[in-house]
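What follows is my_file.txt (compact mmCIF, C-alpha atoms).
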```txt
# COMPACT_ATOMS: atom_id res chain seq x y z
CA MET A 793 -5.27 19.73 -7.36
CA ASN A 794 -3.28 17.59 -9.81
CA ASP A 795 0.02 18.95 -8.40
CA PHE A 796 1.39 15.42 -7.99
CA ASP A 797 0.30 14.18 -11.43
CA PHE A 798 3.93 14.62 -12.55
CA PHE A 799 4.91 11.80 -10.18
CA GLU A 800 2.58 9.18 -11.67
CA GLY A 801 4.48 6.16 -12.96
CA ALA A 802 7.65 4.27 -12.07
CA TRP A 803 10.84 5.91 -10.78
CA HIS A 804 14.37 4.95 -9.82
CA SER A 805 15.92 7.06 -7.07
CA ARG A 806 19.20 7.78 -5.40
CA GLN A 807 18.51 8.13 -1.69
CA ARG A 808 20.89 10.01 0.64
CA LYS A 809 20.24 9.99 4.37
CA LEU A 810 22.27 11.46 7.22
CA THR A 811 23.45 8.68 9.50
CA LYS A 812 22.91 10.94 12.56
CA ARG A 813 20.31 13.69 12.58
CA LEU A 814 20.59 16.89 14.60
CA ALA A 815 24.15 16.00 15.58
CA GLY A 816 26.17 18.18 13.20
CA SER A 817 27.01 15.10 11.14
CA ASP A 818 28.09 15.16 7.52
CA ASP A 819 28.14 11.37 7.18
CA TRP A 820 25.66 10.32 4.48
CA GLU A 821 24.38 6.85 3.69
CA GLU A 822 23.45 6.30 0.02
CA PHE A 823 21.17 3.59 -1.34
CA PRO A 824 18.80 3.02 -4.27
CA GLY A 825 15.03 3.20 -4.29
CA TYR A 826 12.28 2.16 -6.67
CA THR A 827 8.90 3.91 -6.56
CA VAL A 828 5.57 3.35 -8.29
CA ALA A 829 3.12 6.26 -7.99
CA THR A 830 -0.57 6.40 -8.94
CA ARG A 831 -3.16 9.17 -8.96
CA HIS A 832 -6.69 8.77 -7.64
CA LEU A 833 -9.94 10.67 -7.11
CA GLY A 834 -9.44 12.81 -10.21
CA GLY A 835 -6.05 14.06 -9.01
CA ASN A 836 -7.13 14.81 -5.43
CA ALA A 837 -5.10 11.85 -4.15
CA SER A 838 -1.64 10.54 -4.96
CA VAL A 839 -0.24 7.28 -3.61
CA ASP A 840 3.19 5.77 -4.04
CA GLU A 841 5.00 2.70 -2.78
CA VAL A 842 8.76 2.92 -2.44
CA THR A 843 11.05 -0.07 -2.09
CA PHE A 844 14.64 0.11 -0.89
CA PRO A 845 16.03 -3.16 -2.32
CA THR A 846 19.41 -3.07 -0.56
CA LYS A 847 17.71 -2.48 2.79
CA GLY A 848 14.85 -4.97 2.38
CA ILE A 849 12.25 -2.38 3.46
CA SER A 850 9.46 -0.41 1.84
CA GLY A 851 6.96 2.31 2.59
CA LEU A 852 3.82 3.98 1.32
CA THR A 853 3.02 7.66 0.90
CA VAL A 854 -0.55 8.94 0.71
CA ARG A 855 -1.16 12.54 -0.39
CA LEU A 856 -4.61 14.10 -0.13
CA PHE A 857 -5.69 17.45 -1.57
CA ASP A 858 -8.27 19.62 0.23
CA PRO A 859 -10.02 21.76 -2.42
CA ALA A 860 -11.45 24.07 0.28
CA THR A 861 -7.99 25.14 1.50
CA GLY A 862 -5.82 24.35 -1.54
CA LEU A 863 -3.50 22.36 0.74
CA TRP A 864 -2.03 18.89 0.44
CA SER A 865 -1.62 16.60 3.46
CA ILE A 866 1.15 14.01 3.11
CA TYR A 867 1.09 10.84 5.21
CA TRP A 868 3.78 8.14 5.51
CA VAL A 869 3.35 4.45 6.33
CA SER A 870 6.48 2.38 7.00
CA GLY A 871 6.53 -1.23 5.88
CA THR A 872 8.27 -2.17 9.14
CA ASP A 873 5.62 -0.43 11.29
CA PRO A 874 2.45 -0.21 9.16
CA VAL A 875 0.70 2.58 11.06
CA LEU A 876 -0.39 5.83 9.42
CA GLY A 877 2.26 8.39 10.33
CA LEU A 878 0.92 11.47 12.07
CA PRO A 879 1.01 14.37 11.88
CA PRO A 880 0.94 14.82 8.11
CA THR A 881 3.13 17.41 6.44
CA VAL A 882 0.86 20.07 4.95
CA GLY A 883 1.50 22.59 2.21
CA ARG A 884 1.23 23.45 -1.45
CA PHE A 885 3.07 23.95 -4.70
CA ASP A 886 4.17 27.31 -6.04
CA GLY A 887 5.18 26.59 -9.61
CA ASP A 888 7.64 23.69 -9.68
CA ARG A 889 8.39 23.83 -5.94
CA GLY A 890 6.21 22.31 -3.23
CA ALA A 891 6.80 23.05 0.47
CA PHE A 892 5.12 21.02 3.22
CA PHE A 893 5.50 21.40 7.00
CA CYS A 894 4.55 19.82 10.32
CA ASP A 895 5.54 19.84 13.97
CA ASP A 896 6.95 16.47 14.99
CA ARG A 897 9.53 14.83 17.25
CA HIS A 898 12.86 13.19 16.49
CA GLU A 899 14.18 10.94 19.25
CA GLY A 900 12.25 12.98 21.81
CA THR A 901 13.30 16.39 20.47
CA PRO A 902 10.55 18.66 19.10
CA VAL A 903 11.28 19.51 15.45
CA ARG A 904 9.71 21.47 12.67
CA CYS A 905 9.75 19.13 9.68
CA ARG A 906 9.84 20.32 6.06
CA PHE A 907 9.39 18.34 2.87
CA LEU A 908 10.38 19.98 -0.41
CA TRP A 909 9.34 18.65 -3.80
CA LEU A 910 11.23 20.09 -6.76
CA LYS A 911 10.05 19.31 -10.29
CA ALA A 912 12.90 19.26 -12.83
CA GLY A 913 11.12 18.30 -16.02
CA PRO A 914 8.98 15.30 -16.97
CA ASP A 915 11.61 12.68 -16.07
CA HIS A 916 13.38 14.12 -13.03
CA CYS A 917 12.37 15.42 -9.61
CA ARG A 918 13.78 15.74 -6.12
CA TRP A 919 12.41 15.30 -2.60
CA GLU A 920 14.11 16.64 0.52
CA GLN A 921 13.38 16.31 4.22
CA ALA A 922 14.78 18.82 6.72
CA PHE A 923 14.40 19.51 10.44
CA SER A 924 14.53 22.82 12.30
CA VAL A 925 14.90 23.12 16.07
CA ASP A 926 15.11 26.94 16.15
CA GLY A 927 11.77 28.13 14.83
CA GLU A 928 12.69 27.74 11.13
CA ARG A 929 15.72 30.06 11.32
CA THR A 930 17.96 27.20 10.19
CA TRP A 931 17.27 23.82 8.62
CA GLU A 932 19.24 20.56 8.60
CA THR A 933 18.51 18.64 5.43
CA ASN A 934 18.72 15.01 6.53
CA TRP A 935 17.28 12.98 3.64
CA THR A 936 17.19 13.56 -0.12
CA ALA A 937 15.89 11.50 -3.02
CA ASP A 938 16.77 12.27 -6.63
CA PHE A 939 14.26 10.59 -8.94
CA THR A 940 14.64 9.54 -12.57
CA ARG A 941 11.69 8.11 -14.45
CA ALA A 942 12.07 4.39 -15.04
CA GLY A 943 12.04 3.28 -18.68
```
Is it possible to express this structure as structure tokens?
Amino acid sequence: MNDFDFFEGAWHSRQRKLTKRLAGSDDWEEFPGYTVATRHLGGNASVDEVTFPTKGISGLTVRLFDPATGLWSIYWVSGTDPVLGLPPTVGRFDGDRGAFFCDDRHEGTPVRCRFLWLKAGPDHCRWEQAFSVDGERTWETNWTADFTRAG
């Protein structure tokens, strides 16, 4: 509980996304993001809205903590298709590193999805998304976001 309290507030981010996933690509698209995060239910819930101003799109993340298991479930809602994304990624923090996993599909291919959250002090953090198609032996990081607290 309270693991995502560090993210409360406003953030600027540098987003990097592979233009082609699971294709051996090293072609990255970079664009800015702006996020506002809030905590709810005494720290058992964290919600943020991210806007990508150069793309004209936004999204919403909802994180829910289960005190019985000690696990967080992370859900995504796209502003272009406002349906709760399933399955959630599920996991926990160990110190300043949070790891969250789910089984999903990318363009019809079954993938193991991993989100990493890395705390780097009160004003900086990083999020990464990666896919594995070989039972977690290897991972392709396909999206990163480096966050800096907005003044």
Under the rule that only C-alpha atoms are counted, which of A:Phe857, A:Trp931, A:Phe844, A:Phe939 is the nearest residue to Trp919 in chain A?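 Checking each candidate against Trp919 in chain A, we get A:Phe939 as the closest.
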Just how far from CA of His898 in chain A is CA of Thr861 in chain A, in Å to one decimal?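 CA of His898 in chain A lies 28.3 Å from CA of Thr861 in chain A.
Closest approach to Trp909 in chain A among A:Val839, A:Leu876, A:Phe798, A:Ser817: A:Phe798, based on all atoms listed in the file.
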Leu810 in chain A environment, 8 Å, all atoms listed in the file, sequence neighbours closer than 5 positions dropped, as a PDB file with C-alpha atoms, keeping the file's coordinate frame:
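Listing of result_3.pdb after writing:
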```
ATOM      1  CA  SER A 817      27.010  15.100  11.140  1.00  0.00           C
ATOM      2  CA  ASP A 818      28.090  15.160   7.520  1.00  0.00           C
ATOM      3  CA  ASP A 819      28.140  11.370   7.180  1.00  0.00           C
ATOM      4  CA  TRP A 820      25.660  10.320   4.480  1.00  0.00           C
ATOM      5  CA  GLU A 821      24.380   6.850   3.690  1.00  0.00           C
ATOM      6  CA  ASN A 934      18.720  15.010   6.530  1.00  0.00           C
ATOM      7  CA  TRP A 935      17.280  12.980   3.640  1.00  0.00           C
TER       8      TRP A 935
END
```
Neighbour list for Ala912 in chain A as a list in words, cut-off 10 Å, all atoms listed in the file, skip fewer than 4 positions in-chain: Asp888, Arg889, His916, Cys917, Arg918, Phe939 and Thr940 of chain A
